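See structure below.
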Amino acid sequence: QQNDKKTHHGFKVDYLTEELSEMQRDFLQCTKCFGIARDALRIGEDTLCRSCCIQQKHYASVDERVRRSVARLTIRCPLLRNCDWVGYILEEEEHLRECGCFLIECPEQCGAIIERSEEDNHVATCCPMFQVNCNYCGGEFYRLELTDHLTTCPSYPINCTECGEEMHRFERSIHIDTVCQMAEIECPYAKYSCKIGKIIRRDLLAHKKESYIEHQDMIEEENCLLKQELSKLKLKQEKNYNQLKLGKKDLGGVEIKIDPTLRTNQTIVFHSGSYEFSCDVIVDDVMRASLTRIPSRNGNDNKTIFVTCCI
């Protein structure tokens with residue numbers, strides 16, 4: 001019905017508010033499209049719409065009598081839905097430009113065909129291509145994307161799965177790791193062999209009180225082991241220091257004397273036969289001496305050997 005103007009060039013008789021007599025119909029009717037002649041022209045004895053006689057237009061003349069009669073006719077809204085408009089037939093086009101029942105495409109280009117009167121409601125409530133703001137994070141999304149966004153929105157309110165407290169989604173991991181009283185955590189004395197395993201955070205204080213003596217014994221035992229290890233390291237250090245103090249090392253049959261009075265980052269070079277030895281001596285908490293054997297200018301051996309005297 002909305003395309004009547006394109007398929008039937010004349011006005012449709014069905015929309016008239018009053019029924020025409022047979023004589024009136026014959027007088028006002030386009031002899032080509034059989035509608036009420038629109039912008040009536042006359043060719044010979046025939047009355048035609050302007051658009052119905054394009055090819056013969058130069059033979060036509062304006063039919064003023066038919067035009068005046070058509071102008072006095074009244075019609076209902078040709079869309080025949082919920083519109084109760086009634087007006088003169090020549091006002092039809094102006095009415096259709098404003099008629100709320102006229103079908104239009106959604107202005108947001110979602111593809112929906114809607115009545116003009118429903119445009120605002122469609123856009124505001126259900127158009128999938130209308131851009132809306134998330135009520136929680138303020139981000140802008142097409143309406144069709146909003147549902148998926150809410151499943152990941154960092155500011156969306158959720159409840160902790162452990163204690164039920166309400167929070168923003170981005171706060172959950174921090175809440176679980178630091179304050180949630182129902183979250184399972186590891187006893188801080190587990191590194192000292194506490195065998196309680198996982199414990200609910202709200203029960204941790206009671207566990208510490210109940211196991212205070214056991215925890216202290218664990219710490220004491222760990223300290224004893226560390227002291228033993230430290231003693232071993234000190235003995236090893238003294239042994240290496242004494243070896244350096246003796247001042248003799250045998251590298252490939254060459255005897256090198258190391259002066260224990262050398263200080264940090266000092267380098268000395270030794271010559272022995274066809275080889276040249278470079279010695280870097282480092283004296284810190286632990287004394288080290290690194291010897292590098294380098295071929296001399298007249299030597300044939302091009303290998304470099306690194307020897308560390310102590311740890």
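In the structure tokens, the first chain shown is A, the next is B, and so on; residue numbers restart at 1 for each chain, and ligands run from 1 in the order shown.
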Checklist line | strand (DSSP E) call set, DSSP backbone run, segment 51-252 of chain A, as a PyMOL selection string | finding: chain A and resi 61-62+74-76+86-88+103-105+113-115+131-133+140-142+157-159+166-168+184-186+198-200+249-251
I need the residues from that last selection saved to file as a short mmCIF file (atom, residue, chain, number, x, y, z; two decimals), in the first residue's frame (with N, CA, C and O atoms), if you can.
data_model
loop_
_atom_site.label_atom_id
_atom_site.label_comp_id
_atom_site.auth_asym_id
_atom_site.auth_seq_id
_atom_site.Cartn_x
_atom_site.Cartn_y
_atom_site.Cartn_z
N SER A 61 -2.97 18.28 -23.02
CA SER A 61 -3.30 19.59 -22.46
C SER A 61 -3.84 19.40 -21.06
O SER A 61 -4.36 18.35 -20.70
N VAL A 62 -3.66 20.43 -20.23
CA VAL A 62 -4.10 20.35 -18.84
C VAL A 62 -5.63 20.30 -18.80
O VAL A 62 -6.31 21.09 -19.46
N THR A 74 -12.12 14.17 -0.76
CA THR A 74 -11.43 13.89 0.52
C THR A 74 -11.15 12.39 0.63
O THR A 74 -11.92 11.56 0.14
N ILE A 75 -10.02 12.07 1.28
CA ILE A 75 -9.61 10.66 1.42
C ILE A 75 -9.15 10.39 2.84
O ILE A 75 -8.85 11.30 3.61
N ARG A 76 -9.13 9.11 3.16
CA ARG A 76 -8.53 8.66 4.43
C ARG A 76 -7.04 8.39 4.18
O ARG A 76 -6.59 8.31 3.04
N VAL A 86 -7.92 12.31 7.86
CA VAL A 86 -8.81 12.53 6.72
C VAL A 86 -8.51 13.92 6.19
O VAL A 86 -8.40 14.89 6.96
N GLY A 87 -8.37 14.05 4.88
CA GLY A 87 -8.06 15.36 4.30
C GLY A 87 -8.33 15.37 2.81
O GLY A 87 -8.78 14.38 2.23
N TYR A 88 -8.06 16.53 2.22
CA TYR A 88 -8.23 16.64 0.77
C TYR A 88 -7.21 15.76 0.07
O TYR A 88 -6.08 15.57 0.53
N LEU A 103 6.05 3.56 6.89
CA LEU A 103 7.16 2.65 7.20
C LEU A 103 8.47 3.26 6.76
O LEU A 103 8.60 3.76 5.63
N ILE A 104 9.44 3.23 7.65
CA ILE A 104 10.78 3.77 7.36
C ILE A 104 11.83 2.76 7.81
O ILE A 104 11.54 1.83 8.58
N GLU A 105 13.04 2.94 7.31
CA GLU A 105 14.16 2.12 7.78
C GLU A 105 14.74 2.74 9.04
O GLU A 105 14.75 3.96 9.21
N ILE A 113 12.52 -2.41 9.61
CA ILE A 113 11.52 -1.55 9.00
C ILE A 113 10.47 -1.27 10.06
O ILE A 113 9.82 -2.20 10.57
N ILE A 114 10.29 -0.02 10.39
CA ILE A 114 9.40 0.35 11.50
C ILE A 114 8.49 1.49 11.07
O ILE A 114 8.77 2.21 10.11
N GLU A 115 7.39 1.66 11.80
CA GLU A 115 6.54 2.82 11.58
C GLU A 115 7.25 4.05 12.11
O GLU A 115 7.99 3.99 13.10
N GLN A 131 24.25 3.06 19.89
CA GLN A 131 25.36 3.06 20.85
C GLN A 131 24.87 3.47 22.23
O GLN A 131 24.20 4.49 22.39
N VAL A 132 25.21 2.65 23.21
CA VAL A 132 24.81 2.91 24.60
C VAL A 132 26.05 2.84 25.49
O VAL A 132 27.08 2.31 25.10
N ASN A 133 25.91 3.39 26.68
CA ASN A 133 27.00 3.37 27.65
C ASN A 133 26.76 2.29 28.69
O ASN A 133 25.64 2.09 29.17
N GLU A 140 31.46 2.81 25.88
CA GLU A 140 30.43 2.94 24.84
C GLU A 140 30.44 1.71 23.94
O GLU A 140 31.50 1.32 23.43
N PHE A 141 29.28 1.12 23.72
CA PHE A 141 29.17 -0.10 22.94
C PHE A 141 27.88 -0.06 22.12
O PHE A 141 26.93 0.64 22.47
N TYR A 142 27.86 -0.83 21.00
CA TYR A 142 26.58 -1.09 20.34
C TYR A 142 25.73 -1.95 21.29
O TYR A 142 26.25 -2.79 22.01
N PRO A 157 29.19 -5.52 39.19
CA PRO A 157 29.11 -6.03 40.57
C PRO A 157 28.93 -7.55 40.60
O PRO A 157 28.09 -8.10 39.90
N ILE A 158 29.74 -8.20 41.41
CA ILE A 158 29.64 -9.65 41.59
C ILE A 158 29.73 -9.96 43.08
O ILE A 158 30.06 -9.10 43.89
N ASN A 159 29.46 -11.21 43.41
CA ASN A 159 29.61 -11.67 44.79
C ASN A 159 30.79 -12.62 44.88
O ASN A 159 30.99 -13.46 44.00
N GLU A 166 29.76 -8.52 48.23
CA GLU A 166 29.60 -7.89 46.91
C GLU A 166 30.77 -6.96 46.65
O GLU A 166 31.23 -6.24 47.53
N MET A 167 31.22 -6.95 45.39
CA MET A 167 32.37 -6.13 45.00
C MET A 167 32.36 -5.98 43.49
O MET A 167 31.59 -6.63 42.78
N HIS A 168 33.24 -5.13 42.99
CA HIS A 168 33.45 -5.05 41.55
C HIS A 168 34.27 -6.26 41.10
O HIS A 168 35.08 -6.80 41.86
N GLU A 184 40.86 -20.16 51.15
CA GLU A 184 41.88 -21.10 51.62
C GLU A 184 43.26 -20.53 51.35
O GLU A 184 43.56 -20.10 50.24
N ILE A 185 44.10 -20.53 52.37
CA ILE A 185 45.46 -20.02 52.23
C ILE A 185 46.43 -21.03 52.84
O ILE A 185 46.02 -21.98 53.53
N GLU A 186 47.70 -20.80 52.60
CA GLU A 186 48.74 -21.68 53.14
C GLU A 186 49.28 -21.08 54.43
O GLU A 186 49.48 -19.86 54.53
N LYS A 198 46.40 -26.46 53.59
CA LYS A 198 45.52 -25.31 53.35
C LYS A 198 44.63 -25.09 54.58
O LYS A 198 44.18 -26.03 55.21
N ILE A 199 44.40 -23.79 54.85
CA ILE A 199 43.56 -23.44 55.99
C ILE A 199 42.73 -22.21 55.63
O ILE A 199 43.19 -21.34 54.88
N ILE A 200 41.50 -22.14 56.13
CA ILE A 200 40.65 -20.97 55.89
C ILE A 200 41.23 -19.78 56.65
O ILE A 200 41.65 -19.91 57.81
N LYS A 249 101.14 -23.62 43.06
CA LYS A 249 100.14 -24.33 42.29
C LYS A 249 100.82 -24.95 41.10
O LYS A 249 101.66 -24.32 40.46
N ASP A 250 100.45 -26.17 40.79
CA ASP A 250 101.07 -26.89 39.68
C ASP A 250 100.10 -26.93 38.51
O ASP A 250 99.05 -27.51 38.61
N LEU A 251 100.44 -26.25 37.41
CA LEU A 251 99.60 -26.21 36.23
C LEU A 251 100.40 -26.74 35.06
O LEU A 251 101.28 -26.06 34.53
#
Next item on the list: Please report, as a ChimeraX atom specification, each residue of segment 75-281 of chain A to which DSSP assigns alpha helix (DSSP H) when run on this structure's backbone.
Entry: /A:92-98,119-125,143-150,172-178,204-210,212-246
Item checked: Proximity to Pro78 of chain A - best of A:Leu28, A:Gln237, A:Leu225, A:Cys99, only C-alpha atoms -> A:Cys99
Note to self: Could you tell me how far atom CA of Leu73 of chain A sits from atom CA of Ile89 of chain A, in Å to one decimal place?
What the structure shows: 5.7 Å
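Using only C-alpha atoms, the nearest neighbour of Gly10 of chain A within the list A:Arg42, A:Ser51, A:Met23, A:Val179 is A:Ser51.
Closest approach to Asp26 of chain A from the set A:Glu171, A:Asp14, A:Asp217, A:Asp46 is made by A:Asp46, with distances taken over only C-alpha atoms.
Minimum atom-to-atom distances from A:Gln109, A:Gln228, A:Ser69, A:Ser155 to Ala40 of chain A were compared using only C-alpha atoms, and the lowest value belongs to A:Ser69.
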Note to self: Set the distance at 12 Å and use only C-alpha atoms: which residues neighbour Glu45 of chain A once local chain neighbours fewer than 5 positions away are removed? I'd like the list as a ChimeraX atom specification.
What the structure shows: /A:26-27,30-31,60-61,63
Selection file, C-alpha atoms, as a PDB file, in the first residue's frame:
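Listed below is the output, selection31.pdb:
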ATOM      1  CA  ASP A  26     -15.807   7.842 -15.602  1.00  0.00           C
ATOM      2  CA  PHE A  27     -15.143  11.594 -15.540  1.00  0.00           C
ATOM      3  CA  CYS A  30      -7.326   7.800 -15.692  1.00  0.00           C
ATOM      4  CA  THR A  31      -7.950   5.644 -18.767  1.00  0.00           C
ATOM      5  CA  ALA A  60      -1.592  16.580 -23.996  1.00  0.00           C
ATOM      6  CA  SER A  61      -3.301  19.594 -22.460  1.00  0.00           C
ATOM      7  CA  ASP A  63      -7.597  19.206 -17.895  1.00  0.00           C
TER       8      ASP A  63
END
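Pairwise distance (atom CA of Tyr192 of chain A, atom CA of Met218 of chain A) equals 5.6 Å.
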Residues at most 12 Å from Arg143 of chain A, counting only C-alpha atoms, excluding those fewer than 4 positions away in the same chain, as an mmCIF file with all heavy atoms, in the first residue's frame?
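Printed below is out_4.cif as written:
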data_model
loop_
_atom_site.group_PDB
_atom_site.id
_atom_site.type_symbol
_atom_site.label_atom_id
_atom_site.label_comp_id
_atom_site.auth_asym_id
_atom_site.auth_seq_id
_atom_site.Cartn_x
_atom_site.Cartn_y
_atom_site.Cartn_z
ATOM 1 N N GLU A 108 19.515 4.042 12.479
ATOM 2 C CA GLU A 108 20.806 3.533 12.933
ATOM 3 C C GLU A 108 21.319 2.403 12.031
ATOM 4 O O GLU A 108 22.338 1.783 12.325
ATOM 5 C CB GLU A 108 20.700 3.027 14.375
ATOM 6 C CG GLU A 108 20.298 4.087 15.378
ATOM 7 C CD GLU A 108 21.325 5.189 15.510
ATOM 8 O OE1 GLU A 108 22.522 4.915 15.286
ATOM 9 O OE2 GLU A 108 20.931 6.333 15.828
ATOM 10 N N CYS A 110 20.129 -0.647 11.347
ATOM 11 C CA CYS A 110 20.117 -2.025 11.839
ATOM 12 C C CYS A 110 19.341 -2.937 10.900
ATOM 13 O O CYS A 110 19.347 -4.165 11.078
ATOM 14 C CB CYS A 110 19.516 -2.090 13.249
ATOM 15 S SG CYS A 110 17.725 -1.831 13.304
ATOM 16 N N HIS A 122 11.980 2.544 19.230
ATOM 17 C CA HIS A 122 12.847 1.481 18.699
ATOM 18 C C HIS A 122 14.306 1.778 19.000
ATOM 19 O O HIS A 122 15.045 0.907 19.483
ATOM 20 C CB HIS A 122 12.629 1.352 17.193
ATOM 21 C CG HIS A 122 13.649 0.504 16.502
ATOM 22 N ND1 HIS A 122 13.661 -0.879 16.556
ATOM 23 C CD2 HIS A 122 14.734 0.849 15.742
ATOM 24 C CE1 HIS A 122 14.673 -1.347 15.859
ATOM 25 N NE2 HIS A 122 15.351 -0.328 15.367
ATOM 26 N N VAL A 123 14.732 2.998 18.712
ATOM 27 C CA VAL A 123 16.134 3.376 18.935
ATOM 28 C C VAL A 123 16.474 3.331 20.422
ATOM 29 O O VAL A 123 17.541 2.852 20.826
ATOM 30 C CB VAL A 123 16.417 4.770 18.346
ATOM 31 C CG1 VAL A 123 17.786 5.275 18.787
ATOM 32 C CG2 VAL A 123 16.342 4.728 16.814
ATOM 33 N N ALA A 124 15.562 3.826 21.253
ATOM 34 C CA ALA A 124 15.854 3.935 22.686
ATOM 35 C C ALA A 124 15.833 2.597 23.409
ATOM 36 O O ALA A 124 16.508 2.434 24.432
ATOM 37 C CB ALA A 124 14.854 4.890 23.345
ATOM 38 N N THR A 125 15.072 1.622 22.895
ATOM 39 C CA THR A 125 14.887 0.391 23.675
ATOM 40 C C THR A 125 15.437 -0.882 23.051
ATOM 41 O O THR A 125 15.866 -1.784 23.783
ATOM 42 C CB THR A 125 13.395 0.165 23.958
ATOM 43 O OG1 THR A 125 12.684 0.029 22.703
ATOM 44 C CG2 THR A 125 12.803 1.327 24.739
ATOM 45 N N CYS A 126 15.442 -0.990 21.729
ATOM 46 C CA CYS A 126 15.788 -2.301 21.180
ATOM 47 C C CYS A 126 16.684 -2.297 19.953
ATOM 48 O O CYS A 126 17.102 -3.367 19.507
ATOM 49 C CB CYS A 126 14.518 -3.096 20.880
ATOM 50 S SG CYS A 126 13.413 -2.281 19.693
ATOM 51 N N CYS A 127 16.991 -1.152 19.379
ATOM 52 C CA CYS A 127 17.841 -1.144 18.177
ATOM 53 C C CYS A 127 19.225 -1.698 18.511
ATOM 54 O O CYS A 127 19.934 -1.138 19.369
ATOM 55 C CB CYS A 127 17.981 0.265 17.617
ATOM 56 S SG CYS A 127 19.121 0.345 16.211
ATOM 57 N N PRO A 128 19.653 -2.793 17.869
ATOM 58 C CA PRO A 128 20.947 -3.409 18.217
ATOM 59 C C PRO A 128 22.149 -2.580 17.801
ATOM 60 O O PRO A 128 23.246 -2.786 18.320
ATOM 61 C CB PRO A 128 20.915 -4.745 17.453
ATOM 62 C CG PRO A 128 19.977 -4.523 16.321
ATOM 63 C CD PRO A 128 18.940 -3.573 16.834
ATOM 64 N N MET A 129 21.960 -1.611 16.882
ATOM 65 C CA MET A 129 23.084 -0.814 16.403
ATOM 66 C C MET A 129 23.175 0.551 17.080
ATOM 67 O O MET A 129 24.057 1.345 16.748
ATOM 68 C CB MET A 129 22.982 -0.626 14.884
ATOM 69 C CG MET A 129 23.092 -1.909 14.082
ATOM 70 S SD MET A 129 24.642 -2.803 14.413
ATOM 71 C CE MET A 129 25.820 -1.660 13.729
ATOM 72 N N PHE A 130 22.287 0.810 18.024
ATOM 73 C CA PHE A 130 22.355 2.079 18.745
ATOM 74 C C PHE A 130 23.457 1.998 19.802
ATOM 75 O O PHE A 130 23.597 0.997 20.492
ATOM 76 C CB PHE A 130 21.009 2.377 19.413
ATOM 77 C CG PHE A 130 20.957 3.707 20.112
ATOM 78 C CD1 PHE A 130 21.040 4.876 19.392
ATOM 79 C CD2 PHE A 130 20.840 3.773 21.496
ATOM 80 C CE1 PHE A 130 20.989 6.109 20.027
ATOM 81 C CE2 PHE A 130 20.792 4.999 22.138
ATOM 82 C CZ PHE A 130 20.869 6.165 21.406
ATOM 83 N N GLN A 131 24.250 3.062 19.890
ATOM 84 C CA GLN A 131 25.363 3.057 20.845
ATOM 85 C C GLN A 131 24.868 3.467 22.233
ATOM 86 O O GLN A 131 24.198 4.487 22.393
ATOM 87 C CB GLN A 131 26.476 3.989 20.380
ATOM 88 C CG GLN A 131 27.239 3.453 19.174
ATOM 89 C CD GLN A 131 28.491 4.245 18.883
ATOM 90 O OE1 GLN A 131 28.544 5.441 19.118
ATOM 91 N NE2 GLN A 131 29.507 3.587 18.362
ATOM 92 N N VAL A 132 25.210 2.654 23.212
ATOM 93 C CA VAL A 132 24.813 2.906 24.596
ATOM 94 C C VAL A 132 26.046 2.844 25.490
ATOM 95 O O VAL A 132 27.085 2.310 25.105
ATOM 96 C CB VAL A 132 23.770 1.866 25.074
ATOM 97 C CG1 VAL A 132 22.481 1.998 24.280
ATOM 98 C CG2 VAL A 132 24.320 0.447 24.943
ATOM 99 N N ASN A 133 25.908 3.395 26.680
ATOM 100 C CA ASN A 133 27.003 3.370 27.652
ATOM 101 C C ASN A 133 26.761 2.288 28.691
ATOM 102 O O ASN A 133 25.638 2.095 29.166
ATOM 103 C CB ASN A 133 27.149 4.728 28.347
ATOM 104 C CG ASN A 133 27.598 5.811 27.394
ATOM 105 O OD1 ASN A 133 26.800 6.608 26.953
ATOM 106 N ND2 ASN A 133 28.872 5.842 27.071
ATOM 107 N N CYS A 134 27.820 1.586 29.048
ATOM 108 C CA CYS A 134 27.739 0.611 30.126
ATOM 109 C C CYS A 134 27.460 1.359 31.434
ATOM 110 O O CYS A 134 28.144 2.344 31.748
ATOM 111 C CB CYS A 134 29.047 -0.180 30.218
ATOM 112 S SG CYS A 134 29.126 -1.289 31.645
ATOM 113 N N GLY A 139 31.883 2.639 29.484
ATOM 114 C CA GLY A 139 32.321 2.403 28.114
ATOM 115 C C GLY A 139 31.160 2.473 27.128
ATOM 116 O O GLY A 139 30.005 2.238 27.498
ATOM 117 N N THR A 147 25.550 -7.157 26.099
ATOM 118 C CA THR A 147 25.379 -8.372 26.899
ATOM 119 C C THR A 147 26.697 -9.109 27.063
ATOM 120 O O THR A 147 27.066 -9.531 28.170
ATOM 121 C CB THR A 147 24.326 -9.299 26.259
ATOM 122 O OG1 THR A 147 23.080 -8.605 26.178
ATOM 123 C CG2 THR A 147 24.138 -10.549 27.100
ATOM 124 N N ASP A 148 27.440 -9.261 25.956
ATOM 125 C CA ASP A 148 28.749 -9.923 26.037
ATOM 126 C C ASP A 148 29.722 -9.114 26.886
ATOM 127 O O ASP A 148 30.521 -9.681 27.637
ATOM 128 C CB ASP A 148 29.328 -10.120 24.631
ATOM 129 C CG ASP A 148 28.596 -11.198 23.849
ATOM 130 O OD1 ASP A 148 27.926 -12.032 24.493
ATOM 131 O OD2 ASP A 148 28.675 -11.203 22.612
ATOM 132 N N HIS A 149 29.658 -7.789 26.756
ATOM 133 C CA HIS A 149 30.567 -6.941 27.548
ATOM 134 C C HIS A 149 30.351 -7.141 29.038
ATOM 135 O O HIS A 149 31.309 -7.196 29.817
ATOM 136 C CB HIS A 149 30.363 -5.474 27.181
ATOM 137 C CG HIS A 149 30.939 -4.527 28.179
ATOM 138 N ND1 HIS A 149 32.304 -4.364 28.355
ATOM 139 C CD2 HIS A 149 30.338 -3.722 29.107
ATOM 140 C CE1 HIS A 149 32.517 -3.487 29.334
ATOM 141 N NE2 HIS A 149 31.349 -3.086 29.809
ATOM 142 N N LEU A 150 29.078 -7.254 29.457
ATOM 143 C CA LEU A 150 28.788 -7.373 30.891
ATOM 144 C C LEU A 150 29.364 -8.644 31.506
ATOM 145 O O LEU A 150 29.578 -8.700 32.717
ATOM 146 C CB LEU A 150 27.272 -7.325 31.124
ATOM 147 C CG LEU A 150 26.601 -5.978 30.830
ATOM 148 C CD1 LEU A 150 25.103 -6.062 31.064
ATOM 149 C CD2 LEU A 150 27.212 -4.871 31.680
#
Notebook entry, point to check: Of the candidates A:Cys52, A:Arg68, A:Arg169, A:Phe102, which shows the shortest atom-to-atom distance to Arg81 of chain A, using only C-alpha atoms?
Noted result: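 Using only C-alpha atoms, Arg81 of chain A sits closest to A:Phe102.
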